Each structure stands twice: as structure tokens, then as C-alpha cells.
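**Student:** Okay, here's the structure, questions in a sec.
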Amino acid sequence: MNKTIRKSLFLTLVGISLFSFSGLAESPVKVTVTGDHADWIYKVNEKVKFKIAVTQGDKFLKDVKVDYEIGPEKMAPQIKQSAILKDGQLDMEGGSMAVPGFLRCTVKVEYNNVKYTGLATAAFDPEKIEPTTTSPSDFNQFWDNAIAENKRIPLDPIMELLPTKCTDKVDVYQINFQNYKYGMRVYGILCVPKAPGKHPAVLEVPGAGVRPYKGDLYLAEQGVISLQIGIHGIPVTLDSIVYANLKYGALDGYPISNMDNRDSYYYKHVYLGCLRAIDFLATLPQYDGQNLDK
């Protein structure tokens, strides 16, 4: 191959590479939805204004189509429309609520065959939200009995130091203790300040999902014992593929598992496990015995 051909081939390959990396480096699209109150709180019957912005990197996307829905959270939308954002932004009236509750605006965009979603939720007099059902007459008795039965099961706590997670200020452990029935355990990550003396404690309960946990090092570095717990009775330091397999396999649909039976409903052992976590924190010699938040 002569020098001219080699040079031409080299420049062609460089051009292809630069083009490929340029495509890979393209900034993702971001759909942002905001309300006109910084704290997201409104009075009943007050009008809310939502602002939609669609950006890519630091630029607004022009002439992009958005589909948006507005309505009470978890309910059928009251507004369902589409719009073309000439300059990548849209200000619109979002309606109101006649009773305390949450009003959600969900925005969807499809750009270059990729779908993006953004949402925002306005709270209308949230402190005045009333239950939609009444508690059973034996509600308190049911939980008092369940808690008493659970306390008869030995806590049997186990603490495993995680040296690679520790810092110069914090000791980090994976912990587990019994809950609900013999052999069933709650797992979590405990972060304990190394500073001498007694410390306040905080229990951090998870949102829905199946995932590992790292612990709240930041809080512990401020002198507060922190405990993050999982709810599924499995170690919280496993490889991420394990949680993905459980999420789409054995634990698929767990939030509604046995929902029609209060004794075997999935969240019964979850709620009891949160109380057992407080019992566990109270046993720690580093705990100050007075200040425990959750």
C-alpha cells in the first residue's frame, strides 16, 4: 500500500472515529416541569401554573412536540393535550383542586426515537388531607397484638464490619436481625461515628423497590448514628444483577402481595421490621438513649 493510500485511509478512519465519538457524546434530552410556587404548596382553589422546558445540554430544543397530562395524583387526568414548543418552553395554566390533595403534571417527549419524561406535583393544603376510609374497629388491637408477638422473637442481631466502606470518621457495618418469625431477618447498613461519646440515631426506611444500600456516611460524619434498612429479608450488599433478577422475578408485584389478607399481607412484616430496627438501634452502646428519629 503506497503512502498516499495509507494517508487517505488514516484520515478516513479518523473522520469516522470523530463522527462516532461526537454521536456518543451528544447530550441527553431533559424534560423539566416546575410550578410557580417555590415550595410547591398551594391553597385549595388556588390556580397553579406549570412551566415545561425541554433542553439538550445548555440549549432549549426548538419546535419539539410534548404530550402532557394534568390531574390528581394516581387518578385519571383532567387535562390531556399536546403542544409544539417553538422555543423549547411552555407556560400553562394547570388548573386547581377543590379539596386538599396533590395535582400532578406529567410531560412526555419523543426525540430521535427516544422517549423522555418529566413531572411535577403541586400540593394543595396537604396538612388538611383527610383519610378516604375509616380504620377497622380492631385496628389498634390488631397492631398491638402483632407488635407484642414480634417482640417475643429474639432480636439476635449480627453486625459485620465492612472495612472497605469505613472512613477515618465512621465505622460501617452490614447488620441483620430477626423479625416477624424465627429465621426471617431484616438487613441494613449501619454507620456509627468513631468519635467517642454517645450519639443520636436516625432510622432511614426505603421507598419502594429492590436495591442495594450504601449507608448514610454523611450523616454519621456529623455525629449521628444512621441505619438504612431494606425490606426484603436479603443482604443489601449483593451484586446489582441479583436485585434486578428479584425485581422482575420473585419480587415482581410484591407491594400488592396478599393485599386481601391482613395477616399475610407483604407490608405487615415490613412495618414490624421498622419497629424492630428501632429496637436494634436502642441496643447500641454508642446510642445516647434519648434522641432517635425516623
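Letters for chains follow the order of the C-alpha cells (A, B, ...), residue numbers begin at 1 for each chain, and ligand numbers begin at 1 in the order shown.
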From the DSSP assignment of the backbone, select every residue of segment 90-285 of chain A that is strand (DSSP E or B), and format the answer as a ChimeraX atom specification.
**Tutor:** /A:90-93,101-111,114-124,158-161,170-179,181-193,199-204,225-229
**Student:** Near Tyr116 of chain A, within 9 Å and counting only C-alpha atoms, which residues show up once chain neighbours fewer than 5 positions away are dropped, as a list of chain:residue names?
**Tutor:**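 Selected residues are A:Val29, A:Lys30, A:Val31, A:Val107, A:Lys108, A:Val109, A:Glu110, A:Tyr111.
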**Student:** Got a sec: who's within 10 Å of segment 175-180 of chain A, counting only C-alpha atoms, leaving out chain neighbours fewer than 4 positions off, as a VMD selection string?
**Tutor:** chain A and resid 146 to 147 149 to 161 184 to 190 227 to 230 233 to 236 268 to 277 280
**Student:** What lies within 10 Å of Thr167 of chain A using only C-alpha atoms, ignoring chain neighbours under 6 positions off, as a list in words?
**Tutor:** Pro193, Lys194, Leu217 and Glu221 of chain A
**Student:** Considering only C-alpha atoms, state which residue in the set A:Lys128, A:Gln286, A:Phe50, A:Asp58 is at the smallest distance from Ala195 of chain A.
**Tutor:**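 Using only C-alpha atoms, Ala195 of chain A sits closest to A:Gln286.
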**Student:** Given only C-alpha atoms as the basis, pick out the residue of A:Lys59, A:Lys115, A:Lys74, A:Arg104 nearest to Asp87 of chain A.
**Tutor:** A:Lys59
**Student:** Determine the nearest neighbour of Tyr68 of chain A from the options A:Asn45, A:Gln56, A:Thr106, A:Asn258, counting only C-alpha atoms.
**Tutor:**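 Of A:Asn45, A:Gln56, A:Thr106, A:Asn258, the one nearest Tyr68 of chain A, counting only C-alpha atoms, is A:Thr106.
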**Student:** So that I can see what lies close to Lys62 of chain A, please list as a ChimeraX atom specification the residues with an atom at most 12 Å from it, counting only C-alpha atoms and leaving out residues fewer than 5 positions away in the same chain.
**Tutor:** /A:53-56,84-90,111
**Student:** Find, counting only C-alpha atoms, the residue in A:Ile70, A:Val210, A:Leu284, A:Val64 that gets nearest to Leu246 of chain A.
**Tutor:**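 Residue with the minimum atom-to-atom distance to Leu246 of chain A: A:Val210.
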**Student:** Select, from A:Glu46, A:Asp216, A:Asp239, A:Asp288, the residue with the minimum atom-to-atom distance to Ala123 of chain A, counting only C-alpha atoms.
**Tutor:** A:Glu46
**Student:** Could you tell me how far atom CA of Tyr218 of chain A sits from atom CA of His232 of chain A, in Å to one decimal place?
**Tutor:**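 Separation between atom CA of His232 of chain A and atom CA of Tyr218 of chain A: 24.8 Å.
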**Student:** Would you list the contacts of Leu251 of chain A as a list of chain:residue names, taking every protein, DNA or RNA residue within 12 Å and counting only C-alpha atoms, but skipping same-chain residues closer than 4 positions in sequence?
**Tutor:**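 Near neighbours after the sequence-gap exclusion: A:Ala208, A:Gly209, A:Val210, A:Arg211, A:Ile231, A:His232, A:Gly233, A:Ile234, A:Val242, A:Tyr243, A:Ala244, A:Asn245, A:Leu246, A:Lys247, A:Pro255, A:Ile256, A:Ser257, A:Tyr266.
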**Student:** To one decimal in Å, tell me the separation between atom CA of Asn291 of chain A and atom CA of Pro200 of chain A.
**Tutor:**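 For atom CA of Asn291 of chain A relative to atom CA of Pro200 of chain A, the distance reads 4.9 Å.
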**Student:** Assign secondary structure with DSSP using the backbone only, and return the residues of segment 24-176 of chain A in alpha helix (DSSP H) as number ranges by chain.
**Tutor:** A: 24, 139-151
**Student:** Store the residues picked out above, limited to N, CA and C atoms, as a CSV table (one decimal), in the first residue's frame.
**Tutor:**
```
chain,number,residue,atom,x,y,z
A,24,LEU,N,-21.7,9.7,20.2
A,24,LEU,CA,-21.9,9.1,21.6
A,24,LEU,C,-21.9,10.2,22.6
A,139,PHE,N,-58.4,-2.0,64.8
A,139,PHE,CA,-57.2,-1.6,64.1
A,139,PHE,C,-56.0,-1.6,65.2
A,140,ASN,N,-56.2,-0.9,66.3
A,140,ASN,CA,-55.2,-0.7,67.3
A,140,ASN,C,-54.9,-2.1,67.9
A,141,GLN,N,-55.9,-2.8,68.2
A,141,GLN,CA,-55.8,-4.1,68.8
A,141,GLN,C,-54.9,-5.1,67.9
A,142,PHE,N,-55.2,-5.0,66.6
A,142,PHE,CA,-54.5,-5.9,65.7
A,142,PHE,C,-53.0,-5.6,65.7
A,143,TRP,N,-52.6,-4.3,65.7
A,143,TRP,CA,-51.2,-4.0,65.7
A,143,TRP,C,-50.6,-4.1,67.0
A,144,ASP,N,-51.3,-3.9,68.1
A,144,ASP,CA,-50.7,-4.1,69.4
A,144,ASP,C,-50.4,-5.6,69.6
A,145,ASN,N,-51.3,-6.5,69.1
A,145,ASN,CA,-51.0,-7.9,69.2
A,145,ASN,C,-49.8,-8.3,68.4
A,146,ALA,N,-49.8,-7.7,67.1
A,146,ALA,CA,-48.7,-8.1,66.2
A,146,ALA,C,-47.3,-7.7,66.8
A,147,ILE,N,-47.3,-6.5,67.3
A,147,ILE,CA,-46.0,-5.9,67.9
A,147,ILE,C,-45.6,-6.8,69.1
A,148,ALA,N,-46.6,-7.2,69.9
A,148,ALA,CA,-46.3,-8.0,71.1
A,148,ALA,C,-45.7,-9.3,70.7
A,149,GLU,N,-46.4,-9.9,69.7
A,149,GLU,CA,-45.9,-11.2,69.2
A,149,GLU,C,-44.5,-11.1,68.6
A,150,ASN,N,-44.3,-10.1,67.9
A,150,ASN,CA,-42.9,-9.9,67.3
A,150,ASN,C,-41.8,-9.7,68.3
A,151,LYS,N,-42.1,-9.1,69.4
A,151,LYS,CA,-41.1,-8.8,70.5
A,151,LYS,C,-40.7,-10.1,71.2
```
**Student:** Of the residues A:Ile225, A:Leu162, A:Val66, A:Ala76, which is the one nearest to Thr237 of chain A, using only C-alpha atoms?
**Tutor:**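 Looking at the shortest contact to Thr237 of chain A, the residue is A:Leu162.
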**Student:** What does the distance between atom CA of Asp125 of chain A and atom CA of Asp67 of chain A come to in Å, to one decimal place?
**Tutor:**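 Distance reported for this atom pair: 27.8 Å.
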**Student:** Neighbouring residues of His37 of chain A were defined as those with any atom within 9 Å, considering only C-alpha atoms; residues of the same chain fewer than 3 positions away were excluded. Please report them as number ranges by chain.
**Tutor:** A: 34, 40-42, 48-49, 122
**Student:** Convert the current residue selection to file output with N, CA and C atoms, as a PDB file, in the first residue's frame.
**Tutor:**
```pdb
ATOM      1  N   THR A  34     -41.863  22.608  36.300  1.00  0.00           N
ATOM      2  CA  THR A  34     -41.830  23.346  37.561  1.00  0.00           C
ATOM      3  C   THR A  34     -43.152  24.074  37.775  1.00  0.00           C
ATOM      4  N   TRP A  40     -43.925  24.542  46.235  1.00  0.00           N
ATOM      5  CA  TRP A  40     -44.898  23.619  45.633  1.00  0.00           C
ATOM      6  C   TRP A  40     -46.198  23.519  46.414  1.00  0.00           C
ATOM      7  N   ILE A  41     -46.447  24.424  47.344  1.00  0.00           N
ATOM      8  CA  ILE A  41     -47.654  24.349  48.168  1.00  0.00           C
ATOM      9  C   ILE A  41     -48.638  25.441  47.763  1.00  0.00           C
ATOM     10  N   TYR A  42     -49.903  25.051  47.613  1.00  0.00           N
ATOM     11  CA  TYR A  42     -50.969  25.965  47.189  1.00  0.00           C
ATOM     12  C   TYR A  42     -52.161  25.823  48.129  1.00  0.00           C
ATOM     13  N   VAL A  48     -52.715  26.936  39.780  1.00  0.00           N
ATOM     14  CA  VAL A  48     -51.301  26.627  39.666  1.00  0.00           C
ATOM     15  C   VAL A  48     -50.869  26.800  38.211  1.00  0.00           C
ATOM     16  N   LYS A  49     -49.690  27.327  38.012  1.00  0.00           N
ATOM     17  CA  LYS A  49     -49.121  27.453  36.674  1.00  0.00           C
ATOM     18  C   LYS A  49     -47.892  26.561  36.576  1.00  0.00           C
ATOM     19  N   ALA A 122     -47.973  19.483  42.544  1.00  0.00           N
ATOM     20  CA  ALA A 122     -48.340  20.598  43.412  1.00  0.00           C
ATOM     21  C   ALA A 122     -49.197  20.078  44.562  1.00  0.00           C
TER      22      ALA A 122
END
```
